[in-house]
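As stored in my_file.pdb (PDB, C-alpha atoms, pLDDT in the B column):
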ATOM      1  CA  MET A   1      91.593  53.798  -0.507  1.00 47.00           C
ATOM      2  CA  ILE A   2      91.972  56.358  -3.297  1.00 49.00           C
ATOM      3  CA  LYS A   3      95.562  57.617  -3.102  1.00 53.00           C
ATOM      4  CA  ASP A   4      95.964  60.326  -5.783  1.00 56.00           C
ATOM      5  CA  PRO A   5      94.898  63.662  -4.206  1.00 58.00           C
ATOM      6  CA  HIS A   6      93.237  64.865  -7.404  1.00 47.00           C
ATOM      7  CA  ILE A   7      91.221  61.636  -7.670  1.00 58.00           C
ATOM      8  CA  ALA A   8      90.422  61.821  -3.959  1.00 68.00           C
ATOM      9  CA  ARG A   9      89.037  65.346  -4.308  1.00 79.00           C
ATOM     10  CA  ALA A  10      87.000  64.308  -7.350  1.00 79.00           C
ATOM     11  CA  PHE A  11      85.637  61.339  -5.416  1.00 79.00           C
ATOM     12  CA  ASP A  12      84.663  63.601  -2.520  1.00 82.00           C
ATOM     13  CA  ARG A  13      82.791  65.895  -4.902  1.00 88.00           C
ATOM     14  CA  ASP A  14      81.025  62.919  -6.460  1.00 87.00           C
ATOM     15  CA  LEU A  15      80.120  61.609  -3.021  1.00 86.00           C
ATOM     16  CA  GLU A  16      78.737  64.978  -1.933  1.00 89.00           C
ATOM     17  CA  ALA A  17      76.563  65.102  -5.054  1.00 92.00           C
ATOM     18  CA  VAL A  18      75.155  61.619  -4.587  1.00 92.00           C
ATOM     19  CA  GLN A  19      74.676  62.230  -0.870  1.00 91.00           C
ATOM     20  CA  ALA A  20      72.584  65.291  -1.739  1.00 93.00           C
ATOM     21  CA  LEU A  21      70.444  63.079  -3.982  1.00 95.00           C
ATOM     22  CA  ILE A  22      69.990  60.605  -1.121  1.00 95.00           C
ATOM     23  CA  MET A  23      68.804  63.357   1.216  1.00 94.00           C
ATOM     24  CA  ARG A  24      66.459  64.732  -1.430  1.00 96.00           C
ATOM     25  CA  MET A  25      65.056  61.248  -1.946  1.00 97.00           C
ATOM     26  CA  GLY A  26      64.665  60.780   1.796  1.00 96.00           C
ATOM     27  CA  GLY A  27      62.822  64.083   2.069  1.00 95.00           C
ATOM     28  CA  LEU A  28      60.387  63.044  -0.657  1.00 97.00           C
ATOM     29  CA  VAL A  29      59.750  59.718   1.069  1.00 97.00           C
ATOM     30  CA  GLU A  30      59.145  61.387   4.443  1.00 95.00           C
ATOM     31  CA  GLN A  31      56.710  63.834   2.840  1.00 96.00           C
ATOM     32  CA  ALA A  32      54.930  61.065   0.931  1.00 97.00           C
ATOM     33  CA  LEU A  33      54.445  59.073   4.120  1.00 96.00           C
ATOM     34  CA  ALA A  34      53.143  62.109   6.019  1.00 95.00           C
ATOM     35  CA  ASP A  35      50.805  63.079   3.175  1.00 96.00           C
ATOM     36  CA  ALA A  36      49.476  59.538   2.778  1.00 96.00           C
ATOM     37  CA  ALA A  37      48.684  59.339   6.498  1.00 94.00           C
ATOM     38  CA  GLN A  38      47.049  62.779   6.424  1.00 95.00           C
ATOM     39  CA  ALA A  39      44.992  61.839   3.364  1.00 95.00           C
ATOM     40  CA  LEU A  40      43.687  58.807   5.223  1.00 93.00           C
ATOM     41  CA  ASP A  41      42.942  60.790   8.376  1.00 92.00           C
ATOM     42  CA  THR A  42      41.126  63.595   6.546  1.00 93.00           C
ATOM     43  CA  GLN A  43      39.648  61.451   3.741  1.00 93.00           C
ATOM     44  CA  ASP A  44      41.451  63.620   1.191  1.00 95.00           C
ATOM     45  CA  ASP A  45      41.384  61.614  -2.042  1.00 95.00           C
ATOM     46  CA  ALA A  46      43.126  64.415  -3.975  1.00 96.00           C
ATOM     47  CA  LEU A  47      46.106  64.352  -1.594  1.00 97.00           C
ATOM     48  CA  ALA A  48      46.216  60.561  -1.840  1.00 97.00           C
ATOM     49  CA  GLU A  49      46.359  60.839  -5.627  1.00 97.00           C
ATOM     50  CA  GLN A  50      49.188  63.349  -5.302  1.00 97.00           C
ATOM     51  CA  VAL A  51      51.152  60.806  -3.246  1.00 97.00           C
ATOM     52  CA  ARG A  52      50.572  58.105  -5.844  1.00 97.00           C
ATOM     53  CA  ARG A  53      51.765  60.345  -8.667  1.00 97.00           C
ATOM     54  CA  GLY A  54      54.744  61.546  -6.661  1.00 97.00           C
ATOM     55  CA  ASP A  55      56.193  58.034  -6.352  1.00 97.00           C
ATOM     56  CA  ALA A  56      57.570  58.373  -9.892  1.00 98.00           C
ATOM     57  CA  ALA A  57      59.961  61.109  -8.703  1.00 97.00           C
ATOM     58  CA  ILE A  58      61.243  58.837  -5.933  1.00 98.00           C
ATOM     59  CA  ASP A  59      61.826  56.016  -8.419  1.00 98.00           C
ATOM     60  CA  ALA A  60      63.638  58.405 -10.764  1.00 98.00           C
ATOM     61  CA  LEU A  61      65.965  59.524  -7.980  1.00 97.00           C
ATOM     62  CA  GLU A  62      66.897  55.925  -7.206  1.00 97.00           C
ATOM     63  CA  GLU A  63      67.783  55.420 -10.858  1.00 97.00           C
ATOM     64  CA  SER A  64      69.882  58.598 -10.847  1.00 96.00           C
ATOM     65  CA  ILE A  65      71.703  57.549  -7.680  1.00 97.00           C
ATOM     66  CA  ASN A  66      72.476  54.085  -9.024  1.00 96.00           C
ATOM     67  CA  ALA A  67      73.691  55.544 -12.319  1.00 96.00           C
ATOM     68  CA  GLU A  68      75.910  58.035 -10.498  1.00 94.00           C
ATOM     69  CA  CYS A  69      77.326  55.315  -8.245  1.00 94.00           C
ATOM     70  CA  ALA A  70      78.085  53.131 -11.282  1.00 93.00           C
ATOM     71  CA  ARG A  71      79.847  56.084 -12.900  1.00 92.00           C
ATOM     72  CA  VAL A  72      81.924  56.699  -9.765  1.00 90.00           C
ATOM     73  CA  ILE A  73      82.970  53.055  -9.589  1.00 89.00           C
ATOM     74  CA  ALA A  74      83.928  53.044 -13.271  1.00 90.00           C
ATOM     75  CA  LEU A  75      85.843  56.345 -13.259  1.00 86.00           C
ATOM     76  CA  ARG A  76      87.354  56.490  -9.771  1.00 79.00           C
ATOM     77  CA  ALA A  77      87.903  52.759  -9.129  1.00 82.00           C
ATOM     78  CA  PRO A  78      87.394  53.157  -5.360  1.00 81.00           C
ATOM     79  CA  ILE A  79      88.568  50.429  -3.030  1.00 81.00           C
ATOM     80  CA  ALA A  80      88.286  49.655   0.696  1.00 80.00           C
ATOM     81  CA  THR A  81      86.278  52.236   2.639  1.00 82.00           C
ATOM     82  CA  ASP A  82      85.559  54.362  -0.434  1.00 85.00           C
ATOM     83  CA  LEU A  83      83.953  51.436  -2.225  1.00 87.00           C
ATOM     84  CA  ARG A  84      82.034  50.593   0.935  1.00 89.00           C
ATOM     85  CA  THR A  85      80.640  54.128   0.922  1.00 89.00           C
ATOM     86  CA  VAL A  86      79.398  53.840  -2.660  1.00 90.00           C
ATOM     87  CA  LEU A  87      77.800  50.443  -2.032  1.00 91.00           C
ATOM     88  CA  THR A  88      76.128  51.766   1.125  1.00 93.00           C
ATOM     89  CA  VAL A  89      74.636  54.658  -0.851  1.00 94.00           C
ATOM     90  CA  MET A  90      73.152  52.224  -3.365  1.00 95.00           C
ATOM     91  CA  LYS A  91      71.628  50.077  -0.610  1.00 96.00           C
ATOM     92  CA  ILE A  92      70.154  53.123   1.125  1.00 97.00           C
ATOM     93  CA  ALA A  93      68.616  54.260  -2.161  1.00 97.00           C
ATOM     94  CA  GLY A  94      67.033  50.826  -2.548  1.00 97.00           C
ATOM     95  CA  SER A  95      65.532  51.001   0.944  1.00 97.00           C
ATOM     96  CA  LEU A  96      64.149  54.482   0.292  1.00 98.00           C
ATOM     97  CA  GLU A  97      62.567  53.342  -2.955  1.00 98.00           C
ATOM     98  CA  ARG A  98      60.734  50.581  -1.090  1.00 98.00           C
ATOM     99  CA  CYS A  99      59.585  53.098   1.531  1.00 98.00           C
ATOM    100  CA  GLY A 100      58.177  55.217  -1.285  1.00 97.00           C
ATOM    101  CA  ASP A 101      56.277  52.189  -2.538  1.00 97.00           C
ATOM    102  CA  TYR A 102      54.784  51.661   0.907  1.00 97.00           C
ATOM    103  CA  ALA A 103      53.634  55.289   1.047  1.00 97.00           C
ATOM    104  CA  LYS A 104      52.015  54.836  -2.360  1.00 97.00           C
ATOM    105  CA  ASN A 105      50.304  51.676  -1.113  1.00 95.00           C
ATOM    106  CA  LEU A 106      48.855  53.668   1.788  1.00 95.00           C
ATOM    107  CA  ALA A 107      47.517  56.269  -0.606  1.00 96.00           C
ATOM    108  CA  LYS A 108      45.883  53.635  -2.795  1.00 95.00           C
ATOM    109  CA  ARG A 109      43.717  52.506   0.138  1.00 94.00           C
ATOM    110  CA  THR A 110      42.389  55.953   0.999  1.00 93.00           C
ATOM    111  CA  PRO A 111      39.564  56.153  -1.600  1.00 94.00           C
ATOM    112  CA  VAL A 112      38.484  52.631  -0.679  1.00 94.00           C
ATOM    113  CA  LEU A 113      38.291  53.442   3.024  1.00 94.00           C
ATOM    114  CA  THR A 114      36.579  56.774   2.369  1.00 91.00           C
ATOM    115  CA  ALA A 115      33.635  54.826   0.956  1.00 92.00           C
ATOM    116  CA  MET A 116      33.389  52.601   4.052  1.00 93.00           C
ATOM    117  CA  SER A 117      32.066  53.203   7.538  1.00 91.00           C
ATOM    118  CA  PRO A 118      34.943  54.624   9.621  1.00 91.00           C
ATOM    119  CA  ILE A 119      36.643  52.661  12.380  1.00 94.00           C
ATOM    120  CA  PRO A 120      36.706  55.001  15.413  1.00 93.00           C
ATOM    121  CA  GLY A 121      40.195  56.374  16.138  1.00 92.00           C
ATOM    122  CA  ALA A 122      41.942  54.178  13.583  1.00 93.00           C
ATOM    123  CA  SER A 123      43.083  56.835  11.110  1.00 90.00           C
ATOM    124  CA  GLY A 124      44.502  58.995  13.914  1.00 91.00           C
ATOM    125  CA  SER A 125      46.429  56.020  15.286  1.00 93.00           C
ATOM    126  CA  VAL A 126      47.797  55.247  11.841  1.00 93.00           C
ATOM    127  CA  ARG A 127      48.882  58.857  11.443  1.00 93.00           C
ATOM    128  CA  ARG A 128      50.735  58.785  14.781  1.00 94.00           C
ATOM    129  CA  MET A 129      52.485  55.573  13.768  1.00 96.00           C
ATOM    130  CA  ALA A 130      53.476  57.129  10.432  1.00 95.00           C
ATOM    131  CA  ARG A 131      54.870  60.166  12.240  1.00 95.00           C
ATOM    132  CA  GLN A 132      56.977  57.942  14.498  1.00 96.00           C
ATOM    133  CA  VAL A 133      58.328  56.034  11.512  1.00 97.00           C
ATOM    134  CA  SER A 134      59.166  59.274   9.692  1.00 95.00           C
ATOM    135  CA  ILE A 135      61.266  60.351  12.683  1.00 96.00           C
ATOM    136  CA  LEU A 136      63.129  57.031  12.581  1.00 96.00           C
ATOM    137  CA  LEU A 137      63.781  57.429   8.868  1.00 96.00           C
ATOM    138  CA  LYS A 138      65.030  60.998   9.282  1.00 96.00           C
ATOM    139  CA  ASP A 139      67.350  59.970  12.124  1.00 97.00           C
ATOM    140  CA  ALA A 140      68.727  57.071  10.087  1.00 97.00           C
ATOM    141  CA  LEU A 141      69.527  59.420   7.192  1.00 96.00           C
ATOM    142  CA  ASP A 142      71.044  61.985   9.562  1.00 96.00           C
ATOM    143  CA  ALA A 143      73.227  59.206  10.976  1.00 97.00           C
ATOM    144  CA  PHE A 144      74.395  58.451   7.437  1.00 95.00           C
ATOM    145  CA  VAL A 145      75.286  62.075   6.681  1.00 93.00           C
ATOM    146  CA  THR A 146      77.134  62.555   9.977  1.00 95.00           C
ATOM    147  CA  ARG A 147      78.530  58.994  10.059  1.00 94.00           C
ATOM    148  CA  ASP A 148      77.070  58.650  13.558  1.00 96.00           C
ATOM    149  CA  ALA A 149      77.097  54.963  14.492  1.00 96.00           C
ATOM    150  CA  GLY A 150      75.614  55.772  17.907  1.00 96.00           C
ATOM    151  CA  LEU A 151      72.553  57.436  16.399  1.00 97.00           C
ATOM    152  CA  ALA A 152      72.221  54.532  13.969  1.00 97.00           C
ATOM    153  CA  ALA A 153      72.289  52.052  16.849  1.00 96.00           C
ATOM    154  CA  ASP A 154      69.607  54.111  18.616  1.00 96.00           C
ATOM    155  CA  VAL A 155      67.381  53.978  15.518  1.00 97.00           C
ATOM    156  CA  ARG A 156      67.807  50.230  15.437  1.00 95.00           C
ATOM    157  CA  LEU A 157      66.577  49.921  19.034  1.00 95.00           C
ATOM    158  CA  ARG A 158      63.709  52.403  18.640  1.00 95.00           C
ATOM    159  CA  ASP A 159      62.159  50.360  15.843  1.00 95.00           C
ATOM    160  CA  GLN A 160      60.682  48.253  18.654  1.00 95.00           C
ATOM    161  CA  GLU A 161      58.435  51.226  19.513  1.00 95.00           C
ATOM    162  CA  VAL A 162      56.989  51.078  15.998  1.00 96.00           C
ATOM    163  CA  ASP A 163      56.496  47.332  16.344  1.00 95.00           C
ATOM    164  CA  GLN A 164      54.596  47.886  19.589  1.00 95.00           C
ATOM    165  CA  MET A 165      52.345  50.461  17.913  1.00 96.00           C
ATOM    166  CA  TYR A 166      51.674  48.011  15.094  1.00 97.00           C
ATOM    167  CA  ASN A 167      50.871  45.201  17.533  1.00 96.00           C
ATOM    168  CA  ALA A 168      48.434  47.431  19.427  1.00 95.00           C
ATOM    169  CA  LEU A 169      46.689  48.419  16.191  1.00 96.00           C
ATOM    170  CA  PHE A 170      46.482  44.790  15.086  1.00 96.00           C
ATOM    171  CA  ARG A 171      44.742  43.818  18.323  1.00 96.00           C
ATOM    172  CA  GLU A 172      42.438  46.837  18.036  1.00 95.00           C
ATOM    173  CA  PHE A 173      41.405  45.917  14.498  1.00 96.00           C
ATOM    174  CA  LEU A 174      40.852  42.306  15.540  1.00 96.00           C
ATOM    175  CA  THR A 175      38.521  43.468  18.312  1.00 95.00           C
ATOM    176  CA  PHE A 176      36.486  45.603  15.906  1.00 95.00           C
ATOM    177  CA  MET A 177      36.160  42.680  13.491  1.00 96.00           C
ATOM    178  CA  MET A 178      34.980  40.307  16.213  1.00 95.00           C
ATOM    179  CA  GLU A 179      32.458  42.811  17.522  1.00 95.00           C
ATOM    180  CA  ASP A 180      30.861  43.454  14.138  1.00 95.00           C
ATOM    181  CA  PRO A 181      31.530  41.479  10.927  1.00 94.00           C
ATOM    182  CA  ARG A 182      30.643  44.619   8.940  1.00 94.00           C
ATOM    183  CA  ASN A 183      33.956  46.083  10.124  1.00 95.00           C
ATOM    184  CA  ILE A 184      36.029  43.303   8.572  1.00 96.00           C
ATOM    185  CA  SER A 185      36.700  44.892   5.179  1.00 96.00           C
ATOM    186  CA  ALA A 186      37.712  48.276   6.600  1.00 96.00           C
ATOM    187  CA  CYS A 187      39.872  46.679   9.277  1.00 96.00           C
ATOM    188  CA  MET A 188      41.634  44.488   6.722  1.00 96.00           C
ATOM    189  CA  HIS A 189      42.527  47.579   4.687  1.00 96.00           C
ATOM    190  CA  LEU A 190      43.672  49.387   7.809  1.00 96.00           C
ATOM    191  CA  HIS A 191      45.775  46.423   8.865  1.00 96.00           C
ATOM    192  CA  PHE A 192      47.432  46.405   5.451  1.00 96.00           C
ATOM    193  CA  ILE A 193      48.216  50.118   5.904  1.00 96.00           C
ATOM    194  CA  ALA A 194      49.639  49.597   9.404  1.00 96.00           C
ATOM    195  CA  LYS A 195      51.796  46.732   8.148  1.00 97.00           C
ATOM    196  CA  ASN A 196      53.188  48.896   5.359  1.00 97.00           C
ATOM    197  CA  ILE A 197      54.107  51.590   7.865  1.00 97.00           C
ATOM    198  CA  GLU A 198      55.785  48.971  10.050  1.00 97.00           C
ATOM    199  CA  ARG A 199      57.796  47.909   6.990  1.00 97.00           C
ATOM    200  CA  VAL A 200      59.021  51.474   6.548  1.00 97.00           C
ATOM    201  CA  GLY A 201      60.338  51.249  10.098  1.00 96.00           C
ATOM    202  CA  ASP A 202      62.164  48.071   9.140  1.00 96.00           C
ATOM    203  CA  HIS A 203      63.795  49.830   6.202  1.00 97.00           C
ATOM    204  CA  ALA A 204      64.815  52.738   8.435  1.00 97.00           C
ATOM    205  CA  THR A 205      66.502  50.101  10.595  1.00 96.00           C
ATOM    206  CA  THR A 206      68.174  48.619   7.532  1.00 96.00           C
ATOM    207  CA  ILE A 207      69.571  52.057   6.669  1.00 97.00           C
ATOM    208  CA  ALA A 208      70.815  52.398  10.250  1.00 97.00           C
ATOM    209  CA  GLU A 209      72.556  49.034   9.984  1.00 96.00           C
ATOM    210  CA  GLN A 210      74.227  50.137   6.760  1.00 95.00           C
ATOM    211  CA  VAL A 211      75.523  53.218   8.587  1.00 96.00           C
ATOM    212  CA  ILE A 212      76.970  50.989  11.285  1.00 95.00           C
ATOM    213  CA  TYR A 213      78.607  48.875   8.568  1.00 93.00           C
ATOM    214  CA  LEU A 214      79.957  51.991   6.858  1.00 92.00           C
ATOM    215  CA  THR A 215      81.468  53.429  10.019  1.00 92.00           C
ATOM    216  CA  THR A 216      82.739  50.238  11.667  1.00 90.00           C
ATOM    217  CA  GLY A 217      83.285  47.843   8.767  1.00 86.00           C
ATOM    218  CA  ALA A 218      80.885  45.250  10.195  1.00 86.00           C
ATOM    219  CA  LEU A 219      77.151  44.763  10.464  1.00 85.00           C
ATOM    220  CA  PRO A 220      75.648  44.356  13.963  1.00 87.00           C
ATOM    221  CA  GLU A 221      76.148  40.807  15.188  1.00 77.00           C
ATOM    222  CA  ASP A 222      73.049  40.639  17.378  1.00 74.00           C
ATOM    223  CA  MET A 223      69.638  39.867  15.952  1.00 69.00           C
ATOM    224  CA  ARG A 224      67.505  42.842  15.024  1.00 69.00           C
ATOM    225  CA  PRO A 225      65.147  43.474  17.968  1.00 67.00           C
ATOM    226  CA  LYS A 226      61.486  42.905  17.076  1.00 67.00           C
ATOM    227  CA  ALA A 227      58.398  43.186  19.226  1.00 63.00           C
ATOM    228  CA  GLY A 228      55.491  40.758  19.207  1.00 60.00           C
ATOM    229  CA  LEU A 229      53.682  40.217  15.902  1.00 62.00           C
ATOM    230  CA  ALA A 230      55.932  42.380  13.734  1.00 59.00           C
ATOM    231  CA  GLY A 231      58.034  40.441  11.250  1.00 58.00           C
ATOM    232  CA  GLY A 232      61.197  41.160   9.279  1.00 52.00           C
ATOM    233  CA  GLU A 233      61.402  43.674   6.451  1.00 46.00           C
ATOM    234  CA  ASP A 234      61.150  42.845   2.786  1.00 56.00           C
TER     235      ASP A 234
END
Would you mind writing the file out in structure tokens?
Amino acid sequence: MIKDPHIARAFDRDLEAVQALIMRMGGLVEQALADAAQALDTQDDALAEQVRRGDAAIDALEESINAECARVIALRAPIATDLRTVLTVMKIAGSLERCGDYAKNLAKRTPVLTAMSPIPGASGSVRRMARQVSILLKDALDAFVTRDAGLAADVRLRDQEVDQMYNALFREFLTFMMEDPRNISACMHLHFIAKNIERVGDHATTIAEQVIYLTTGALPEDMRPKAGLAGGED
């Protein structure tokens, strides 16, 4: 733990600054996910392109956060819980960057699907799943800011709801493909989109687990709960 009061105050200021960057990054990711899902639902290629371009700002924030964390480690030499805080921030930034990539991947599929025959109800279902994942991500980040291990544990459990939504969509797409082979291409794209959204849920869970580690000093010992077809995050 940082002992010198002047160093401690400087560390707190540094931490507040980098925490603000994390929340800004999280806000951009949440918006990108919502916009990508809306672009798919409304066949808005311009909005999809905006999401793709906006991923550069998310990547830049991760670089800024990592640079700031490296500076803090070099100048403040934090140990124990202070070092754990800095390392947690870096891991959260990495998870958010991946979530931004998934939102961009969603947006890339929109023009392709716009040119295909629509799958009834699919885009609305994807949008609802994206909304649920965005709530998980927001709660995980709120848990980090407030150091709320209970909220983080709740996020970890609620990821099963996202898995169940993904499993239902997978079965729905499979049914459409079996009924009419002309649906195969569109359903494959939609499945890819649903899987990317499910991965965002996994990263929200990873952030929640980092909050638990930050507040308790240990990662959860039990296996991460998963439902049905959903796999682990990458």
| field | Pairwise distance for atom CA of A:Leu47 and atom CA of A:Lys104, rounded to one decimal in Å | value | 11.2 Å
| message | Please enumerate the residues selected by the PyMOL selection byres ((chain A and resi 185-200) around 8) when evaluated against the supplied file, formatted as an NGL selection string. | response | :A and (98-99 or 102-103 or 105-106 or 109 or 113 or 116-119 or 122 or 126 or 129-130 or 133 or 137 or 162-163 or 166 or 169-170 or 173-174 or 176-177 or 182-184 or 201-204 or 230 or 232-234)
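Considering the residues A:Asp101, A:Asp45, A:Glu161, A:Asp14 and counting only C-alpha atoms, A:Val72 has its shortest atom-to-atom contact with A:Asp14.
Put simply, the PyMOL selection byres ((chain A and resi 155) around 7) in this file takes in Leu136, Asp139, Ala140, Leu151, Ala152, Ala153, Asp154, Arg156, Leu157, Arg158, Asp159, Thr205 and Ala208 of chain A.
If you look at atom CA of A:Arg53 and atom CA of A:Ser123, they are 21.9 Å away from each other.
Using only C-alpha atoms, the shortest contact distance between A:Pro220 and any of A:Met178, A:Leu141, A:Ala149, A:Ala46 is found at A:Ala149.
The interatomic distance for the pair atom CA of A:Ala34 and atom CA of A:Ala60 works out to 20.1 Å.
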To box stretch 14-32 of chain A, take all atoms listed in the file, fit an axis-aligned box, add 3 Å on each side, and give centre and edge lengths in Å to one decimal, as lines of an AutoDock Vina configuration file.
center_x = 68.0
center_y = 62.5
center_z = -1.0
size_x = 32.1
size_y = 11.6
size_z = 16.9
Can you list what the PyMOL selection byres ((chain A and resi 69) around 8) grabs from this structure, as a compact mmCIF listing (two decimals) with C-alpha atoms, keeping the file's coordinate frame?
# COMPACT_ATOMS: atom_id res chain seq x y z
CA VAL A 18 75.16 61.62 -4.59
CA ILE A 65 71.70 57.55 -7.68
CA ASN A 66 72.48 54.08 -9.02
CA ALA A 67 73.69 55.54 -12.32
CA GLU A 68 75.91 58.04 -10.50
CA ALA A 70 78.08 53.13 -11.28
CA ARG A 71 79.85 56.08 -12.90
CA VAL A 72 81.92 56.70 -9.76
CA ILE A 73 82.97 53.06 -9.59
CA VAL A 86 79.40 53.84 -2.66
CA LEU A 87 77.80 50.44 -2.03
CA VAL A 89 74.64 54.66 -0.85
CA MET A 90 73.15 52.22 -3.36
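For the set A:Arg147, A:Arg13, A:Arg131, A:Lys91, the residue with the smallest atom-to-atom gap to A:Ala37 is A:Arg131, counting only C-alpha atoms.
Restricting the calculation to all atoms listed in the file, the smallest distance between A:Ile22 and any of A:Asp55, A:Glu63, A:Glu221, A:Asp41 is found for A:Glu63.
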Close residues, stretch 24-27 of chain A itself excluded, 7 Å, all atoms listed in the file, min 6 positions apart in chain, as a PDB file with C-alpha atoms, keeping the file's coordinate frame:
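As written to disk, result.pdb reads:
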ATOM      1  CA  ILE A  58      61.243  58.837  -5.933  1.00 98.00           C
ATOM      2  CA  LEU A  61      65.965  59.524  -7.980  1.00 97.00           C
ATOM      3  CA  LEU A  96      64.149  54.482   0.292  1.00 98.00           C
TER       4      LEU A  96
END
| task | Using only C-alpha atoms, determine which residues lie at most 6 Å from A:Ala48, disregarding the query and same-chain residues fewer than 2 positions distant; provide the list as a ChimeraX atom specification. | result | /A:36,39,45-46,50-51,107
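Among A:Arg171, A:Arg84, A:Lys138, A:Arg128, the residue with the shortest atom-to-atom distance to A:Gln38, counting all atoms listed in the file, is A:Arg128.
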What would stretch 175-187 of chain A look like with N, CA and C atoms restored, written as a CSV table (one decimal), in the frame of the given file?
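As written to disk, result14.csv reads:
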chain,number,residue,atom,x,y,z
A,175,THR,N,39.7,43.3,17.4
A,175,THR,CA,38.5,43.5,18.3
A,175,THR,C,37.3,44.0,17.5
A,176,PHE,N,37.6,45.0,16.7
A,176,PHE,CA,36.5,45.6,15.9
A,176,PHE,C,35.9,44.6,15.0
A,177,MET,N,36.7,43.7,14.4
A,177,MET,CA,36.2,42.7,13.5
A,177,MET,C,35.3,41.6,14.2
A,178,MET,N,35.7,41.3,15.4
A,178,MET,CA,35.0,40.3,16.2
A,178,MET,C,33.7,40.9,16.7
A,179,GLU,N,33.7,42.2,17.0
A,179,GLU,CA,32.5,42.8,17.5
A,179,GLU,C,31.4,43.0,16.5
A,180,ASP,N,31.8,43.2,15.2
A,180,ASP,CA,30.9,43.5,14.1
A,180,ASP,C,31.5,43.0,12.8
A,181,PRO,N,31.0,42.0,12.2
A,181,PRO,CA,31.5,41.5,10.9
A,181,PRO,C,31.5,42.5,9.8
A,182,ARG,N,30.7,43.6,10.0
A,182,ARG,CA,30.6,44.6,8.9
A,182,ARG,C,31.9,45.5,9.0
A,183,ASN,N,32.7,45.3,10.0
A,183,ASN,CA,34.0,46.1,10.1
A,183,ASN,C,35.1,45.3,9.5
A,184,ILE,N,34.9,44.1,9.0
A,184,ILE,CA,36.0,43.3,8.6
A,184,ILE,C,36.8,43.9,7.4
A,185,SER,N,36.0,44.4,6.4
A,185,SER,CA,36.7,44.9,5.2
A,185,SER,C,37.6,46.1,5.5
A,186,ALA,N,37.0,47.1,6.2
A,186,ALA,CA,37.7,48.3,6.6
A,186,ALA,C,38.9,47.9,7.5
A,187,CYS,N,38.8,47.0,8.4
A,187,CYS,CA,39.9,46.7,9.3
A,187,CYS,C,41.0,45.9,8.5
